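Source file: target17.pdb (PDB, C-alpha atoms)
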ATOM      1  CA  MET A 154     110.506 218.606  23.142
ATOM      2  CA  LYS A 155     111.023 222.333  22.840
ATOM      3  CA  PHE A 156     109.403 222.847  26.217
ATOM      4  CA  ALA A 157     111.749 220.342  27.799
ATOM      5  CA  MET A 158     114.733 222.094  26.284
ATOM      6  CA  ILE A 159     113.614 225.461  27.639
ATOM      7  CA  LYS A 160     112.976 223.889  31.021
ATOM      8  CA  SER A 161     116.432 222.332  31.214
ATOM      9  CA  LYS A 162     117.967 225.602  30.035
ATOM     10  CA  ASN A 163     116.098 227.461  32.764
ATOM     11  CA  MET A 164     117.274 224.926  35.307
ATOM     12  CA  THR A 165     120.895 225.435  34.356
ATOM     13  CA  GLN A 166     120.462 229.195  34.431
ATOM     14  CA  ARG A 167     118.990 228.949  37.906
ATOM     15  CA  GLN A 168     121.849 226.750  38.994
ATOM     16  CA  ILE A 169     124.380 229.162  37.509
ATOM     17  CA  LYS A 170     122.668 231.977  39.409
ATOM     18  CA  ALA A 171     122.822 229.961  42.630
ATOM     19  CA  LEU A 172     126.499 229.063  42.215
ATOM     20  CA  PRO A 173     127.988 232.291  43.633
ATOM     21  CA  LEU A 174     125.659 231.960  46.618
ATOM     22  CA  PHE A 175     126.865 228.438  47.325
ATOM     23  CA  ALA A 176     130.448 229.571  46.885
ATOM     24  CA  VAL A 177     130.124 232.664  49.067
ATOM     25  CA  LEU A 178     128.312 231.040  52.001
ATOM     26  CA  PRO A 179     130.997 228.404  52.785
ATOM     27  CA  ILE A 180     133.689 231.076  52.404
ATOM     28  CA  LEU A 181     131.859 233.327  54.882
ATOM     29  CA  LEU A 182     131.447 230.348  57.193
ATOM     30  CA  GLY A 183     135.145 229.573  56.855
ATOM     31  CA  ILE A 184     136.082 233.175  57.685
ATOM     32  CA  GLY A 185     133.772 233.059  60.696
ATOM     33  CA  LEU A 186     135.246 229.774  61.903
ATOM     34  CA  ALA A 187     138.793 231.050  61.391
ATOM     35  CA  TRP A 188     137.930 234.166  63.407
ATOM     36  CA  ALA A 189     136.375 231.998  66.146
ATOM     37  CA  TYR A 190     139.478 229.800  66.204
ATOM     38  CA  LEU A 191     141.873 232.735  66.346
ATOM     39  CA  SER A 192     139.874 234.485  69.065
ATOM     40  CA  ALA A 193     139.781 231.229  71.037
ATOM     41  CA  LEU A 194     143.588 231.109  70.972
ATOM     42  CA  GLU A 195     143.954 233.909  73.483
ATOM     43  CA  PRO A 196     143.581 232.441  76.962
ATOM     44  CA  ARG A 197     140.321 233.285  78.629
ATOM     45  CA  PRO A 198     138.666 231.531  81.549
ATOM     46  CA  GLY A 199     135.903 229.297  80.217
ATOM     47  CA  LEU A 200     133.572 227.229  82.329
ATOM     48  CA  GLY A 201     136.187 224.456  82.635
ATOM     49  CA  PRO A 202     137.619 225.535  86.012
ATOM     50  CA  ARG A 203     134.136 225.885  87.511
ATOM     51  CA  VAL A 204     133.202 222.392  86.305
ATOM     52  CA  ALA A 205     136.469 220.999  87.649
ATOM     53  CA  ALA A 206     135.825 222.640  91.032
ATOM     54  CA  GLN A 207     132.420 220.972  91.363
ATOM     55  CA  LEU A 208     133.416 217.641  89.771
ATOM     56  CA  ASP A 209     133.789 215.857  93.115
ATOM     57  CA  GLN A 210     130.125 216.423  93.936
ATOM     58  CA  SER A 211     128.815 215.374  90.517
ATOM     59  CA  GLY A 212     129.079 211.630  91.131
ATOM     60  CA  VAL A 213     131.109 210.953  87.962
ATOM     61  CA  LYS A 214     134.743 211.469  87.002
ATOM     62  CA  SER A 215     134.213 212.630  83.417
ATOM     63  CA  PRO A 216     133.561 216.379  83.154
ATOM     64  CA  VAL A 217     131.492 215.868  79.976
ATOM     65  CA  THR A 218     129.132 213.412  81.679
ATOM     66  CA  ALA A 219     129.004 215.631  84.765
ATOM     67  CA  VAL A 220     127.819 218.578  82.671
ATOM     68  CA  LEU A 221     125.409 216.522  80.558
ATOM     69  CA  LEU A 222     123.699 214.597  83.329
ATOM     70  CA  ASN A 223     124.221 216.654  86.458
ATOM     71  CA  PHE A 224     124.949 220.343  85.952
ATOM     72  CA  ARG A 225     122.883 220.690  82.774
ATOM     73  CA  GLY A 226     120.630 217.656  83.189
ATOM     74  CA  TYR A 227     117.595 219.632  82.095
ATOM     75  CA  ASP A 228     118.976 220.007  78.540
ATOM     76  CA  THR A 229     119.673 216.287  78.283
ATOM     77  CA  LEU A 230     116.155 215.502  79.544
ATOM     78  CA  LEU A 231     114.715 217.634  76.737
ATOM     79  CA  GLU A 232     117.046 215.987  74.199
ATOM     80  CA  CYS A 233     115.715 212.568  75.201
ATOM     81  CA  PHE A 234     112.212 213.800  74.484
ATOM     82  CA  VAL A 235     113.321 215.271  71.145
ATOM     83  CA  VAL A 236     114.438 211.778  70.053
ATOM     84  CA  PHE A 237     111.076 210.418  71.215
ATOM     85  CA  LEU A 238     109.288 213.152  69.223
ATOM     86  CA  ALA A 239     111.236 212.150  66.112
ATOM     87  CA  VAL A 240     109.997 208.563  66.505
ATOM     88  CA  LEU A 241     106.436 209.853  66.935
ATOM     89  CA  GLY A 242     106.888 211.847  63.723
ATOM     90  CA  VAL A 243     107.994 208.769  61.772
ATOM     91  CA  TRP A 244     105.145 206.731  63.248
ATOM     92  CA  SER A 245     102.564 209.307  62.259
ATOM     93  CA  LEU A 246     103.843 209.472  58.670
ATOM     94  CA  ALA A 247     104.609 205.807  58.003
ATOM     95  CA  PRO A 248     101.784 203.372  57.232
ATOM     96  CA  PRO A 249     101.043 201.024  60.128
ATOM     97  CA  GLY A 250     102.594 197.615  60.223
ATOM     98  CA  THR A 251     103.573 197.436  56.573
ATOM     99  CA  THR A 252     106.752 195.561  55.882
ATOM    100  CA  THR A 253     109.437 196.718  53.518
ATOM    101  CA  PRO A 254     109.634 194.616  50.353
ATOM    102  CA  PRO A 255     111.910 191.660  51.073
ATOM    103  CA  ARG A 256     115.348 192.153  49.610
ATOM    104  CA  GLU A 257     117.381 189.422  48.065
ATOM    105  CA  LYS A 258     119.088 187.341  50.712
ATOM    106  CA  ASP A 259     122.722 188.364  50.909
ATOM    107  CA  ALA A 260     124.719 185.566  52.516
ATOM    108  CA  ILE A 261     127.886 187.625  53.032
ATOM    109  CA  LEU A 262     126.083 190.564  54.634
ATOM    110  CA  SER A 263     124.025 188.199  56.747
ATOM    111  CA  SER A 264     127.007 186.290  58.133
ATOM    112  CA  LEU A 265     128.990 189.494  58.638
ATOM    113  CA  VAL A 266     126.143 191.001  60.637
ATOM    114  CA  SER A 267     125.787 187.895  62.776
ATOM    115  CA  LEU A 268     129.486 188.314  63.626
ATOM    116  CA  LEU A 269     129.289 192.081  64.148
ATOM    117  CA  ALA A 270     126.022 192.404  66.067
ATOM    118  CA  PRO A 271     127.160 190.747  69.353
ATOM    119  CA  LEU A 272     130.424 192.691  69.172
ATOM    120  CA  MET A 273     128.545 195.964  68.730
ATOM    121  CA  LEU A 274     126.330 195.177  71.703
ATOM    122  CA  VAL A 275     129.458 194.671  73.839
ATOM    123  CA  VAL A 276     130.915 197.946  72.520
ATOM    124  CA  ALA A 277     127.669 199.743  73.404
ATOM    125  CA  GLY A 278     127.819 198.329  76.931
ATOM    126  CA  TYR A 279     131.451 199.372  77.256
ATOM    127  CA  LEU A 280     130.696 202.910  76.045
ATOM    128  CA  LEU A 281     127.883 203.201  78.556
ATOM    129  CA  TRP A 282     130.150 202.003  81.352
ATOM    130  CA  SER A 283     133.133 204.148  80.368
ATOM    131  CA  GLY A 284     130.983 207.279  80.214
ATOM    132  CA  ASP A 285     131.498 207.788  83.942
ATOM    133  CA  ASN A 286     135.270 208.000  83.595
ATOM    134  CA  GLY A 287     136.142 209.110  80.095
ATOM    135  CA  VAL A 288     134.906 209.082  76.533
ATOM    136  CA  GLY A 289     131.495 207.583  76.047
ATOM    137  CA  GLY A 290     128.082 207.869  77.584
ATOM    138  CA  ALA A 291     124.439 207.221  76.966
ATOM    139  CA  PHE A 292     124.206 208.910  73.589
ATOM    140  CA  GLN A 293     127.266 207.183  72.112
ATOM    141  CA  ALA A 294     126.115 203.806  73.437
ATOM    142  CA  GLY A 295     122.641 204.484  72.055
ATOM    143  CA  ALA A 296     124.093 205.389  68.670
ATOM    144  CA  VAL A 297     125.997 202.086  68.510
ATOM    145  CA  LEU A 298     122.832 200.227  69.538
ATOM    146  CA  GLY A 299     120.902 202.075  66.819
ATOM    147  CA  GLY A 300     123.578 201.176  64.273
ATOM    148  CA  THR A 301     123.250 197.524  65.292
ATOM    149  CA  GLY A 302     119.510 197.741  64.683
ATOM    150  CA  VAL A 303     120.026 199.273  61.227
ATOM    151  CA  LEU A 304     122.559 196.574  60.285
ATOM    152  CA  LEU A 305     120.191 193.834  61.468
ATOM    153  CA  HIS A 306     117.439 195.400  59.385
ATOM    154  CA  LEU A 307     119.648 195.595  56.275
ATOM    155  CA  ALA A 308     120.697 191.970  56.710
ATOM    156  CA  ASP A 309     117.023 190.980  56.657
ATOM    157  CA  ARG A 310     116.930 190.188  60.347
ATOM    158  CA  PRO A 311     114.174 192.647  61.145
ATOM    159  CA  LEU A 312     114.759 193.252  64.817
ATOM    160  CA  ILE A 313     112.274 196.096  65.167
ATOM    161  CA  ARG A 314     109.491 194.255  63.359
ATOM    162  CA  SER A 315     109.829 191.167  65.540
ATOM    163  CA  VAL A 316     109.547 193.173  68.763
ATOM    164  CA  PRO A 317     105.919 193.146  69.963
ATOM    165  CA  PRO A 318     104.351 196.602  69.417
ATOM    166  CA  THR A 319     103.582 197.194  73.095
ATOM    167  CA  LEU A 320     107.143 196.291  74.090
ATOM    168  CA  LEU A 321     108.503 198.604  71.381
ATOM    169  CA  ILE A 322     106.495 201.558  72.691
ATOM    170  CA  VAL A 323     107.569 200.781  76.259
ATOM    171  CA  GLY A 324     111.212 200.537  75.165
ATOM    172  CA  VAL A 325     111.155 203.812  73.249
ATOM    173  CA  LEU A 326     109.479 205.587  76.179
ATOM    174  CA  LEU A 327     111.568 203.942  78.911
ATOM    175  CA  GLY A 328     114.547 206.346  78.824
ATOM    176  CA  PRO A 329     112.612 209.636  78.902
ATOM    177  CA  ALA A 330     110.180 208.158  81.459
ATOM    178  CA  ILE A 331     112.943 207.042  83.849
ATOM    179  CA  PHE A 332     114.680 210.390  83.431
ATOM    180  CA  LEU A 333     111.490 212.329  84.208
ATOM    181  CA  ALA A 334     110.498 210.015  87.076
ATOM    182  CA  LEU A 335     113.881 210.392  88.791
ATOM    183  CA  ALA A 336     113.762 214.165  88.251
ATOM    184  CA  MET A 337     110.361 214.241  89.976
ATOM    185  CA  LEU A 338     111.660 211.931  92.706
ATOM    186  CA  CYS A 339     114.255 214.594  93.508
ATOM    187  CA  ILE A 340     111.399 217.042  94.176
ATOM    188  CA  LEU A 341     109.572 214.492  96.353
ATOM    189  CA  LEU A 342     112.742 213.965  98.383
ATOM    190  CA  GLY A 343     112.851 217.667  99.135
ATOM    191  CA  TYR A 344     115.444 218.799  96.591
ATOM    192  CA  GLY A 345     114.981 220.778  93.397
ATOM    193  CA  PHE A 346     113.974 219.414  90.003
ATOM    194  CA  LEU A 347     116.871 217.183  88.834
ATOM    195  CA  GLN A 348     118.852 218.137  91.950
ATOM    196  CA  TYR A 349     120.140 214.728  92.991
ATOM    197  CA  PRO A 350     120.317 213.943  96.730
ATOM    198  CA  PRO A 351     123.909 214.211  97.992
ATOM    199  CA  GLY A 352     125.755 210.910  97.712
ATOM    200  CA  TRP A 353     123.190 209.440  95.331
ATOM    201  CA  SER A 354     124.259 211.279  92.164
ATOM    202  CA  SER A 355     126.265 208.332  90.866
ATOM    203  CA  VAL A 356     123.341 205.902  91.194
ATOM    204  CA  PHE A 357     120.856 208.334  89.644
ATOM    205  CA  ILE A 358     123.161 209.076  86.700
ATOM    206  CA  THR A 359     123.887 205.390  86.049
ATOM    207  CA  VAL A 360     120.186 204.448  86.007
ATOM    208  CA  ILE A 361     119.269 207.422  83.793
ATOM    209  CA  GLU A 362     122.111 206.672  81.370
ATOM    210  CA  ALA A 363     121.207 202.990  81.059
ATOM    211  CA  GLY A 364     117.572 203.765  80.313
ATOM    212  CA  ALA A 365     118.454 206.588  77.933
ATOM    213  CA  ALA A 366     120.965 204.450  75.998
ATOM    214  CA  LEU A 367     118.411 201.669  75.502
ATOM    215  CA  SER A 368     115.695 204.070  74.368
ATOM    216  CA  ILE A 369     117.985 206.081  72.083
ATOM    217  CA  GLY A 370     119.228 202.888  70.432
ATOM    218  CA  LEU A 371     115.715 201.552  69.953
ATOM    219  CA  SER A 372     114.491 204.939  68.704
ATOM    220  CA  LEU A 373     117.270 205.326  66.141
ATOM    221  CA  ALA A 374     116.717 201.794  64.843
ATOM    222  CA  THR A 375     112.977 202.486  64.713
ATOM    223  CA  LEU A 376     113.585 205.652  62.691
ATOM    224  CA  PHE A 377     115.280 203.518  60.032
ATOM    225  CA  GLY A 378     113.363 200.281  59.898
ATOM    226  CA  GLY A 379     110.361 200.796  62.073
ATOM    227  CA  ARG A 380     106.742 201.103  61.144
ATOM    228  CA  ARG A 381     103.997 202.419  63.350
ATOM    229  CA  PRO A 382     102.989 199.642  65.710
ATOM    230  CA  GLY A 383      99.502 198.936  64.450
ATOM    231  CA  LYS A 384      96.974 196.315  63.612
ATOM    232  CA  SER A 385      98.787 194.815  60.645
ATOM    233  CA  ALA A 386     101.956 194.270  62.702
ATOM    234  CA  THR A 387     100.475 191.022  63.971
ATOM    235  CA  PRO A 388     102.290 187.711  64.307
ATOM    236  CA  HIS A 389     100.320 186.629  61.226
ATOM    237  CA  ASN A 390     102.126 189.204  59.127
ATOM    238  CA  LEU A 391     105.483 188.377  60.634
ATOM    239  CA  SER A 392     105.149 184.690  59.993
ATOM    240  CA  ARG A 393     104.161 185.378  56.391
ATOM    241  CA  HIS A 394     107.384 187.296  55.903
ATOM    242  CA  HIS A 395     109.533 184.231  56.578
TER     243      HIS A 395
ATOM    244  CA  MET B 133     153.824 222.536  61.757
ATOM    245  CA  ILE B 134     152.615 219.202  60.426
ATOM    246  CA  LEU B 135     149.533 219.431  62.638
ATOM    247  CA  ILE B 136     148.718 222.951  61.461
ATOM    248  CA  SER B 137     148.972 221.947  57.809
ATOM    249  CA  PHE B 138     146.810 218.900  58.587
ATOM    250  CA  ASP B 139     144.231 221.201  60.167
ATOM    251  CA  LEU B 140     144.292 223.508  57.165
ATOM    252  CA  ILE B 141     143.833 220.604  54.749
ATOM    253  CA  LEU B 142     141.018 219.280  56.949
ATOM    254  CA  ALA B 143     139.236 222.643  57.020
ATOM    255  CA  ALA B 144     139.673 223.103  53.258
ATOM    256  CA  SER B 145     138.334 219.587  52.589
ATOM    257  CA  LEU B 146     135.303 220.289  54.759
ATOM    258  CA  ILE B 147     134.451 223.428  52.800
ATOM    259  CA  TRP B 148     135.123 221.703  49.490
ATOM    260  CA  LEU B 149     132.955 218.699  50.430
ATOM    261  CA  ALA B 150     130.150 220.979  51.614
ATOM    262  CA  TYR B 151     130.298 222.923  48.333
ATOM    263  CA  ARG B 152     130.370 219.757  46.203
ATOM    264  CA  LEU B 153     127.436 218.119  47.995
ATOM    265  CA  LEU B 154     125.342 221.281  47.690
ATOM    266  CA  VAL B 155     125.899 221.826  43.960
ATOM    267  CA  SER B 156     125.714 218.168  42.918
ATOM    268  CA  ASP B 157     122.580 217.412  40.879
ATOM    269  CA  ASN B 158     122.780 213.684  41.614
ATOM    270  CA  PHE B 159     121.124 212.768  44.914
ATOM    271  CA  PHE B 160     123.245 209.652  45.374
ATOM    272  CA  THR B 161     126.461 211.641  44.906
ATOM    273  CA  SER B 162     125.202 214.177  47.431
ATOM    274  CA  VAL B 163     124.482 211.471  49.999
ATOM    275  CA  VAL B 164     127.931 209.896  49.588
ATOM    276  CA  LEU B 165     129.549 213.326  49.873
ATOM    277  CA  PHE B 166     127.458 213.974  52.995
ATOM    278  CA  LEU B 167     128.759 210.722  54.502
ATOM    279  CA  SER B 168     132.356 211.750  53.841
ATOM    280  CA  PHE B 169     131.585 215.212  55.214
ATOM    281  CA  GLY B 170     130.410 213.558  58.446
ATOM    282  CA  LEU B 171     133.620 211.537  58.737
ATOM    283  CA  PHE B 172     135.806 214.599  58.095
ATOM    284  CA  MET B 173     133.718 216.522  60.631
ATOM    285  CA  ALA B 174     134.356 213.764  63.183
ATOM    286  CA  MET B 175     138.085 214.140  62.522
ATOM    287  CA  ALA B 176     137.749 217.895  63.025
ATOM    288  CA  TRP B 177     136.077 217.276  66.404
ATOM    289  CA  VAL B 178     138.968 215.014  67.389
ATOM    290  CA  ARG B 179     141.388 217.805  66.475
ATOM    291  CA  LEU B 180     139.322 220.183  68.627
ATOM    292  CA  ARG B 181     139.870 217.702  71.505
ATOM    293  CA  ALA B 182     136.184 216.757  71.767
ATOM    294  CA  PRO B 183     136.229 212.954  71.344
ATOM    295  CA  ASP B 184     132.674 212.586  72.696
ATOM    296  CA  VAL B 185     131.267 214.831  69.995
ATOM    297  CA  ALA B 186     133.484 213.136  67.417
ATOM    298  CA  MET B 187     132.004 209.728  68.251
ATOM    299  CA  ALA B 188     128.443 211.024  68.141
ATOM    300  CA  GLU B 189     129.165 212.786  64.837
ATOM    301  CA  ALA B 190     130.675 209.666  63.265
ATOM    302  CA  ALA B 191     127.830 207.424  64.443
ATOM    303  CA  ILE B 192     124.895 209.776  63.833
ATOM    304  CA  GLY B 193     126.145 212.244  61.229
ATOM    305  CA  ALA B 194     127.982 209.809  59.004
ATOM    306  CA  GLY B 195     126.348 206.483  59.819
ATOM    307  CA  LEU B 196     122.679 206.707  60.708
ATOM    308  CA  THR B 197     121.798 209.877  58.768
ATOM    309  CA  GLY B 198     123.478 208.411  55.696
ATOM    310  CA  ALA B 199     121.487 205.195  56.031
ATOM    311  CA  LEU B 200     118.292 207.221  56.445
ATOM    312  CA  PHE B 201     119.132 209.317  53.354
ATOM    313  CA  LEU B 202     119.861 206.200  51.295
ATOM    314  CA  SER B 203     116.545 204.627  52.278
ATOM    315  CA  ALA B 204     114.784 207.960  51.624
ATOM    316  CA  LEU B 205     116.278 208.005  48.091
ATOM    317  CA  ARG B 206     113.980 205.105  47.291
ATOM    318  CA  GLY B 207     110.956 207.342  47.801
ATOM    319  CA  VAL B 208     112.336 210.193  45.675
ATOM    320  CA  PRO B 209     111.309 210.343  42.003
ATOM    321  CA  GLY B 210     114.306 209.440  39.855
ATOM    322  CA  GLY B 211     116.135 207.919  42.778
ATOM    323  CA  LYS B 212     114.982 204.415  42.044
ATOM    324  CA  GLN B 213     117.434 203.425  39.299
ATOM    325  CA  ARG B 214     120.283 204.870  41.313
ATOM    326  CA  GLU B 215     119.083 202.979  44.328
ATOM    327  CA  ARG B 216     119.470 199.718  42.408
ATOM    328  CA  ARG B 217     122.998 200.731  41.551
ATOM    329  CA  VAL B 218     123.614 201.362  45.255
ATOM    330  CA  ASP B 219     122.594 197.821  46.034
ATOM    331  CA  GLY B 220     124.991 196.479  43.390
ATOM    332  CA  ASP B 221     127.834 198.517  44.855
ATOM    333  CA  GLU B 222     127.014 197.382  48.375
ATOM    334  CA  ILE B 223     127.120 193.732  47.370
ATOM    335  CA  ARG B 224     130.462 194.156  45.636
ATOM    336  CA  HIS B 225     132.119 196.006  48.503
ATOM    337  CA  ASP B 226     130.686 194.096  51.422
TER     338      ASP B 226
END

Can the structure from this file be put into structure tokens for me?
Amino acid sequence: MKFAMIKSKNMTQRQIKALPLFAVLPILLGIGLAWAYLSALEPRPGLGPRVAAQLDQSGVKSPVTAVLLNFRGYDTLLECFVVFLAVLGVWSLAPPGTTTPPREKDAILSSLVSLLAPLMLVVAGYLLWSGDNGVGGAFQAGAVLGGTGVLLHLADRPLIRSVPPTLLIVGVLLGPAIFLALAMLCILLGYGFLQYPPGWSSVFITVIEAGAALSIGLSLATLFGGRRPGKSATPHNLSRHH
Amino acid sequence: MILISFDLILAASLIWLAYRLLVSDNFFTSVVLFLSFGLFMAMAWVRLRAPDVAMAEAAIGAGLTGALFLSALRGVPGGKQRERRVDGDEIRHD
């Protein structure tokens, strides 16, 4: 009893000690951000004009997509693999094939999700398509797809668990693999790594974005509800669940 | 003028939310504050004229990370009773 009291007292003392730190850090951050904002107010030539000058050759109309998938495609390629690494991390920590304990069936959530899920898929497709011209792109579309997967999981419609393990691995790897394969294809065609052949940029970017969106969506949903595809993720287990 | 005061309120709320979620000793409170921080951050990105980043922030920062945190709360000691309360709240609001 006494020990517990001392412990809780120590905890509060530690927290009181930490308080100024937590107060000072955001204030410093705020000052830094304010300084960055004020120094950004004075006009200085950024990279915008240079991007705008090259935009015609990029194959897309949106400067953001042009930078992400053409001018700085290498960064985006690595980002795709970072998402894949995150999935590998979850798979190596989570037990194979185990299912989460079945929640109580929630009729309202279930019917809401069955209304929302098709709509979200359409929104994801639209975002992917509109990435070439304006706001949107592979990552945003993938995020909406991932959100759909999470909602389906919460509504006890376990999308990820019902996908066959081999197909799941193929789906998660598809985006990075397509990206890397097309980057290598550029070398084979006599251009540099990720240097699209003239006139083909648009096609290359569209294919890469579609694959990346699918894989990002599947990966994000797998991070939430997925288990390592393993022996116990057999149809036997799935049928027992329902 | 209105926009500048909106920006100031937005920036102040961001700092306040960040402070609150760091000093809170309740994990569930921290997660909810983190979710609201993500939404405010998305608004800040919109004000900085970066709608692409705003969308990614709202979807990943506020949505998916929050869902991951909530499901991680189940594995944290002491998070279990709160997790049941979360479920009750979800049912009432959905």

Could you please tell me, as number ranges by chain, which residues of chain A have an atom within 8 Å of chain B when using all atoms listed in the file?
A: 172, 175-176, 179-180, 183, 259, 261-262, 288-289, 292-293, 296-297, 299-300, 303, 373, 376-377

Would you output that residue set with C-alpha atoms, as a PDB file, in the frame of the given file?
ATOM      1  CA  LEU A 172     126.499 229.063  42.215  1.00  0.00           C
ATOM      2  CA  PHE A 175     126.865 228.438  47.325  1.00  0.00           C
ATOM      3  CA  ALA A 176     130.448 229.571  46.885  1.00  0.00           C
ATOM      4  CA  PRO A 179     130.997 228.404  52.785  1.00  0.00           C
ATOM      5  CA  ILE A 180     133.689 231.076  52.404  1.00  0.00           C
ATOM      6  CA  GLY A 183     135.145 229.573  56.855  1.00  0.00           C
ATOM      7  CA  ASP A 259     122.722 188.364  50.909  1.00  0.00           C
ATOM      8  CA  ILE A 261     127.886 187.625  53.032  1.00  0.00           C
ATOM      9  CA  LEU A 262     126.083 190.564  54.634  1.00  0.00           C
ATOM     10  CA  VAL A 288     134.906 209.082  76.533  1.00  0.00           C
ATOM     11  CA  GLY A 289     131.495 207.583  76.047  1.00  0.00           C
ATOM     12  CA  PHE A 292     124.206 208.910  73.589  1.00  0.00           C
ATOM     13  CA  GLN A 293     127.266 207.183  72.112  1.00  0.00           C
ATOM     14  CA  ALA A 296     124.093 205.389  68.670  1.00  0.00           C
ATOM     15  CA  VAL A 297     125.997 202.086  68.510  1.00  0.00           C
ATOM     16  CA  GLY A 299     120.902 202.075  66.819  1.00  0.00           C
ATOM     17  CA  GLY A 300     123.578 201.176  64.273  1.00  0.00           C
ATOM     18  CA  VAL A 303     120.026 199.273  61.227  1.00  0.00           C
ATOM     19  CA  LEU A 373     117.270 205.326  66.141  1.00  0.00           C
ATOM     20  CA  LEU A 376     113.585 205.652  62.691  1.00  0.00           C
ATOM     21  CA  PHE A 377     115.280 203.518  60.032  1.00  0.00           C
TER      22      PHE A 377
END

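Pairwise distance (atom CA of Leu304 of chain A, atom CA of Gly287 of chain A) equals 27.1 Å.
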
I'd like the contact shell of Ile322 of chain A - 12 Å cut-off, all atoms listed in the file, skipping same-chain residues fewer than 4 positions apart - returned as an MDAnalysis selection string.
chainID A and resid 237 240:241 244 313 316:318 326:330 368 371:372 375 379:383

One number please: atom CA of Val275 of chain A to atom CA of Thr301 of chain A, in Å, one decimal.
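We find that atom CA of Val275 of chain A and atom CA of Thr301 of chain A lie 10.9 Å from each other.
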
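Atom CA of Thr161 of chain B lies 21.3 Å from atom CA of Gln166 of chain A.
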
Any chance you could work out the residue set of the PyMOL selection byres ((chain B and resi 167) around 9) here, as an MDAnalysis selection string?
chainID B and resid 162:166 168:172 193:195 197:198

Name the closest residue to Arg203 of chain A among the candidates A:Leu246, A:Val220, A:Ala187, A:Ile331; distances are taken between atoms, counting only C-alpha atoms.
A:Val220

Would you mind telling me which residue in A:Gly364, A:Pro351, A:Gly343, A:Ala294 lies nearest to Gly324 of chain A when using only C-alpha atoms?
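The shortest atom-to-atom distance to Gly324 of chain A comes from A:Gly364.
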
Edge lengths and centre in Å to one decimal, as lines of an AutoDock Vina configuration file, of the axis-aligned box that encloses all listed atoms of segment 193-207 of chain A with 4 Å added on every side?
center_x = 138.2
center_y = 227.4
center_z = 81.2
size_x = 19.5
size_y = 20.9
size_z = 28.4
